[in-house]
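Student: Next comes the structure file structure20.tsv, holding TSV, C-alpha atoms.
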chain	number	residue	atom	x	y	z
A	106	MET	CA	108.17	111.54	97.14
A	107	LEU	CA	108.66	108.25	98.94
A	108	SER	CA	111.78	107.58	100.95
A	109	SER	CA	114.04	104.69	100.01
A	110	ARG	CA	112.91	103.08	103.26
A	111	ALA	CA	109.25	103.12	102.11
A	112	ARG	CA	110.13	101.94	98.59
A	113	TYR	CA	112.19	99.04	99.91
A	114	ALA	CA	109.55	98.15	102.51
A	115	THR	CA	106.84	97.93	99.86
A	116	ARG	CA	109.07	95.83	97.60
A	117	ALA	CA	109.88	93.46	100.47
A	118	LEU	CA	106.18	93.11	101.33
A	119	LEU	CA	105.30	92.50	97.69
A	120	ASP	CA	107.98	89.80	97.58
A	121	LEU	CA	106.48	88.16	100.69
A	122	SER	CA	102.98	88.51	99.22
A	123	LEU	CA	104.06	86.64	96.09
A	124	ARG	CA	105.26	83.78	98.33
A	125	TYR	CA	102.56	84.02	101.00
A	126	ASP	CA	101.55	80.34	100.86
A	127	GLN	CA	105.13	79.05	100.64
A	128	GLY	CA	106.31	79.55	104.20
A	129	ALA	CA	109.08	81.72	105.56
A	130	THR	CA	111.41	83.56	103.21
A	131	GLN	CA	115.08	84.16	103.96
A	132	ILE	CA	116.10	87.82	104.17
A	133	LEU	CA	119.01	87.23	101.79
A	134	ASP	CA	116.61	85.89	99.15
A	135	ILE	CA	114.39	88.97	99.44
A	136	ALA	CA	117.43	91.25	99.26
A	137	GLU	CA	118.73	89.54	96.11
A	138	ARG	CA	115.39	89.35	94.30
A	139	GLN	CA	114.47	92.94	95.12
A	140	ASN	CA	117.94	94.46	94.80
A	141	ILE	CA	117.86	95.86	98.34
A	142	PRO	CA	121.05	96.21	100.41
A	143	PHE	CA	121.04	93.38	102.96
A	144	LYS	CA	121.86	95.50	106.05
A	145	TYR	CA	119.25	98.10	105.11
A	146	LEU	CA	116.65	95.38	104.56
A	147	GLN	CA	117.35	94.01	108.04
A	148	GLN	CA	116.47	97.42	109.51
A	149	ILE	CA	113.38	97.76	107.35
A	150	LEU	CA	112.09	94.30	108.25
A	151	MET	CA	112.54	95.11	111.94
A	152	ALA	CA	110.42	98.25	111.47
A	153	LEU	CA	107.83	96.20	109.56
A	154	LYS	CA	107.84	93.66	112.39
A	155	VAL	CA	107.28	96.38	114.99
A	156	GLY	CA	104.50	97.74	112.78
A	157	GLY	CA	102.77	94.35	112.75
A	158	PHE	CA	103.24	93.68	109.03
A	159	VAL	CA	105.69	90.77	109.26
A	160	VAL	CA	106.74	88.08	111.70
A	161	SER	CA	110.03	86.23	111.84
A	162	ARG	CA	110.89	82.63	112.54
A	163	LYS	CA	114.27	81.44	113.72
A	164	GLY	CA	116.08	78.23	112.96
A	165	PRO	CA	115.96	75.88	109.98
A	166	GLY	CA	113.20	76.92	107.63
A	167	GLY	CA	113.09	80.29	109.33
A	168	GLY	CA	112.85	83.71	107.82
A	169	TYR	CA	110.12	86.29	107.37
A	170	LEU	CA	106.39	85.90	106.70
A	171	LEU	CA	103.53	88.32	106.44
A	172	ALA	CA	101.79	88.77	109.79
A	173	ARG	CA	98.40	88.88	108.02
A	174	SER	CA	97.16	87.85	104.62
A	175	PRO	CA	98.07	90.19	101.74
A	176	ASP	CA	94.44	91.28	101.40
A	177	GLN	CA	94.56	92.71	104.93
A	178	ILE	CA	97.61	94.92	104.41
A	179	THR	CA	97.13	98.18	102.53
A	180	LEU	CA	99.73	100.18	100.74
A	181	GLY	CA	98.59	103.25	102.69
A	182	ALA	CA	99.17	101.61	106.08
A	183	VAL	CA	102.69	100.57	105.12
A	184	LEU	CA	103.64	103.96	103.70
A	185	ARG	CA	102.37	105.73	106.82
A	186	ALA	CA	104.34	103.31	109.02
A	187	MET	CA	107.52	103.97	107.06
A	188	ASP	CA	107.23	107.67	106.15
A	189	GLY	CA	104.45	109.13	108.29
A	190	PRO	CA	101.58	111.19	106.85
A	191	VAL	CA	100.91	111.08	103.12
A	192	ALA	CA	99.81	114.72	102.90
A	193	PRO	CA	101.72	116.82	100.35
A	194	ILE	CA	101.82	119.77	102.80
A	195	SER	CA	101.44	119.88	106.58
A	196	CYS	CA	98.30	122.05	106.68
A	197	VAL	CA	96.23	119.30	105.02
A	198	SER	CA	97.53	116.40	107.10
A	199	VAL	CA	94.90	114.60	109.15
A	200	THR	CA	97.33	113.13	111.68
A	201	LYS	CA	100.21	115.64	111.73
A	202	TYR	CA	98.50	118.96	110.98
A	203	SER	CA	100.57	122.10	111.37
A	204	GLU	CA	100.18	125.60	110.02
A	205	CYS	CA	101.98	126.29	106.76
A	206	GLY	CA	102.21	130.04	107.25
A	207	CYS	CA	99.33	130.98	104.97
A	208	PRO	CA	97.70	134.25	106.07
A	209	LYS	CA	94.12	132.92	105.59
A	210	PRO	CA	94.14	129.10	105.77
A	211	GLU	CA	90.35	128.81	105.84
A	212	THR	CA	90.07	130.41	102.37
A	213	CYS	CA	93.43	129.42	100.86
A	214	ALA	CA	92.99	128.05	97.34
A	215	LEU	CA	96.35	126.24	97.52
A	216	ARG	CA	95.36	124.49	100.72
A	217	SER	CA	92.07	123.45	99.11
A	218	ALA	CA	93.84	122.04	96.05
A	219	PHE	CA	96.43	120.17	98.15
A	220	LYS	CA	93.61	118.75	100.28
A	221	ASP	CA	92.05	117.35	97.08
A	222	VAL	CA	95.44	115.86	96.16
A	223	ARG	CA	95.78	114.27	99.61
A	224	GLU	CA	92.29	112.80	99.44
A	225	ALA	CA	92.91	111.31	95.99
A	226	ILE	CA	96.23	109.80	97.05
A	227	VAL	CA	94.79	108.41	100.28
A	228	ALA	CA	91.85	106.86	98.43
A	229	VAL	CA	94.17	104.92	96.12
A	230	LEU	CA	96.66	103.93	98.82
A	231	ASP	CA	94.04	102.81	101.33
A	232	GLU	CA	92.09	100.81	98.75
A	233	THR	CA	95.16	99.04	97.37
A	234	THR	CA	96.09	95.86	99.23
A	235	PHE	CA	99.17	93.75	98.81
A	236	ALA	CA	96.90	91.06	97.36
A	237	ASP	CA	95.98	93.59	94.64
A	238	LEU	CA	99.65	94.36	94.06
A	239	ARG	CA	100.52	90.65	93.98
A	240	ASP	CA	97.82	90.06	91.38
A	241	ARG	CA	99.02	93.01	89.29
A	242	GLN	CA	102.56	91.67	89.42
A	243	LEU	CA	101.52	88.17	88.38
A	244	THR	CA	99.34	89.54	85.57
A	245	ALA	CA	102.18	91.72	84.30
A	246	GLU	CA	104.64	88.82	84.40
A	247	THR	CA	102.19	86.54	82.59
A	248	ALA	CA	101.53	89.18	79.93
A	249	ASP	CA	105.27	89.65	79.48
A	250	VAL	CA	105.83	85.91	78.99
A	251	ASP	CA	102.82	85.61	76.67
A	252	SER	CA	104.11	88.41	74.44
A	253	PHE	CA	107.55	86.81	74.07
A	254	GLU	CA	108.09	85.33	70.62
A	255	PHE	CA	110.19	82.26	70.12
A	256	VAL	CA	112.37	82.34	67.03
A	257	ILE	CA	113.94	79.17	65.74
Just give me the structure of the file as structure tokens.
Tutor:
Amino acid sequence: MLSSRARYATRALLDLSLRYDQGATQILDIAERQNIPFKYLQQILMALKVGGFVVSRKGPGGGYLLARSPDQITLGAVLRAMDGPVAPISCVSVTKYSECGCPKPETCALRSAFKDVREAIVAVLDETTFADLRDRQLTAETADVDSFEFVI
């Protein structure tokens, strides 16, 4: 399960992706649109800045911008930066491997199954960019508006 930090970070990055060509976005605007506590968002944006996902500008017209285009930022990279490895159990983690206590890890059926789960999750996360998410969001919003019926 994702932490609130990772959920809020992805929502903030999606918000910035939707406004990528519009210049810097004020933190208060992101917080209001995404229903994220302002103080918590400040901390998250600092972590995203350290991770190289966003940059900030000071002064009039300042705020936050993506450090790279949305098609160069993957969901997997952001989740790892916020929460660490995406493995469901430590014995299948590529970057933070540790024994899980299984008596025969090399033949453990559970380990094998969780490795398959990790590989499936990683494939989706690492192939999904914030440009993909932006496009999904815009398509969903357009479909929602198109399905709305006006009654007079």
Student: For the atom pair CA of Ala136 (chain A) and CA of Val229 (chain A), what is the interatomic distance in Å to one decimal place?
Tutor: 27.2 Å
Student: I'd like the interatomic distance between CA of Tyr113 (chain A) and CA of Cys196 (chain A), to a tenth of an Å.
Tutor: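 A separation of 27.7 Å between them.
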Student: How many Å lie between CA of Val197 (chain A) and CA of Ala236 (chain A), rounded to one decimal?
Tutor: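 Calculated distance between CA of Val197 (chain A) and CA of Ala236 (chain A) is 29.3 Å.
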Student: So which residues touch Gly157 (chain A) within 9 Å, counting only C-alpha atoms, skipping near sequence neighbours fewer than 5 positions away, as JSON, numbers by chain?
Tutor: {"A": [152, 171, 172, 173]}
Student: My list of candidates is A:Gln127, A:Ser174, A:Ser109, A:Ser203. Which is closest to Ile149 (chain A) when distances are computed with only C-alpha atoms?
Tutor: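 For Ile149 (chain A), the nearest of the given residues is A:Ser109.
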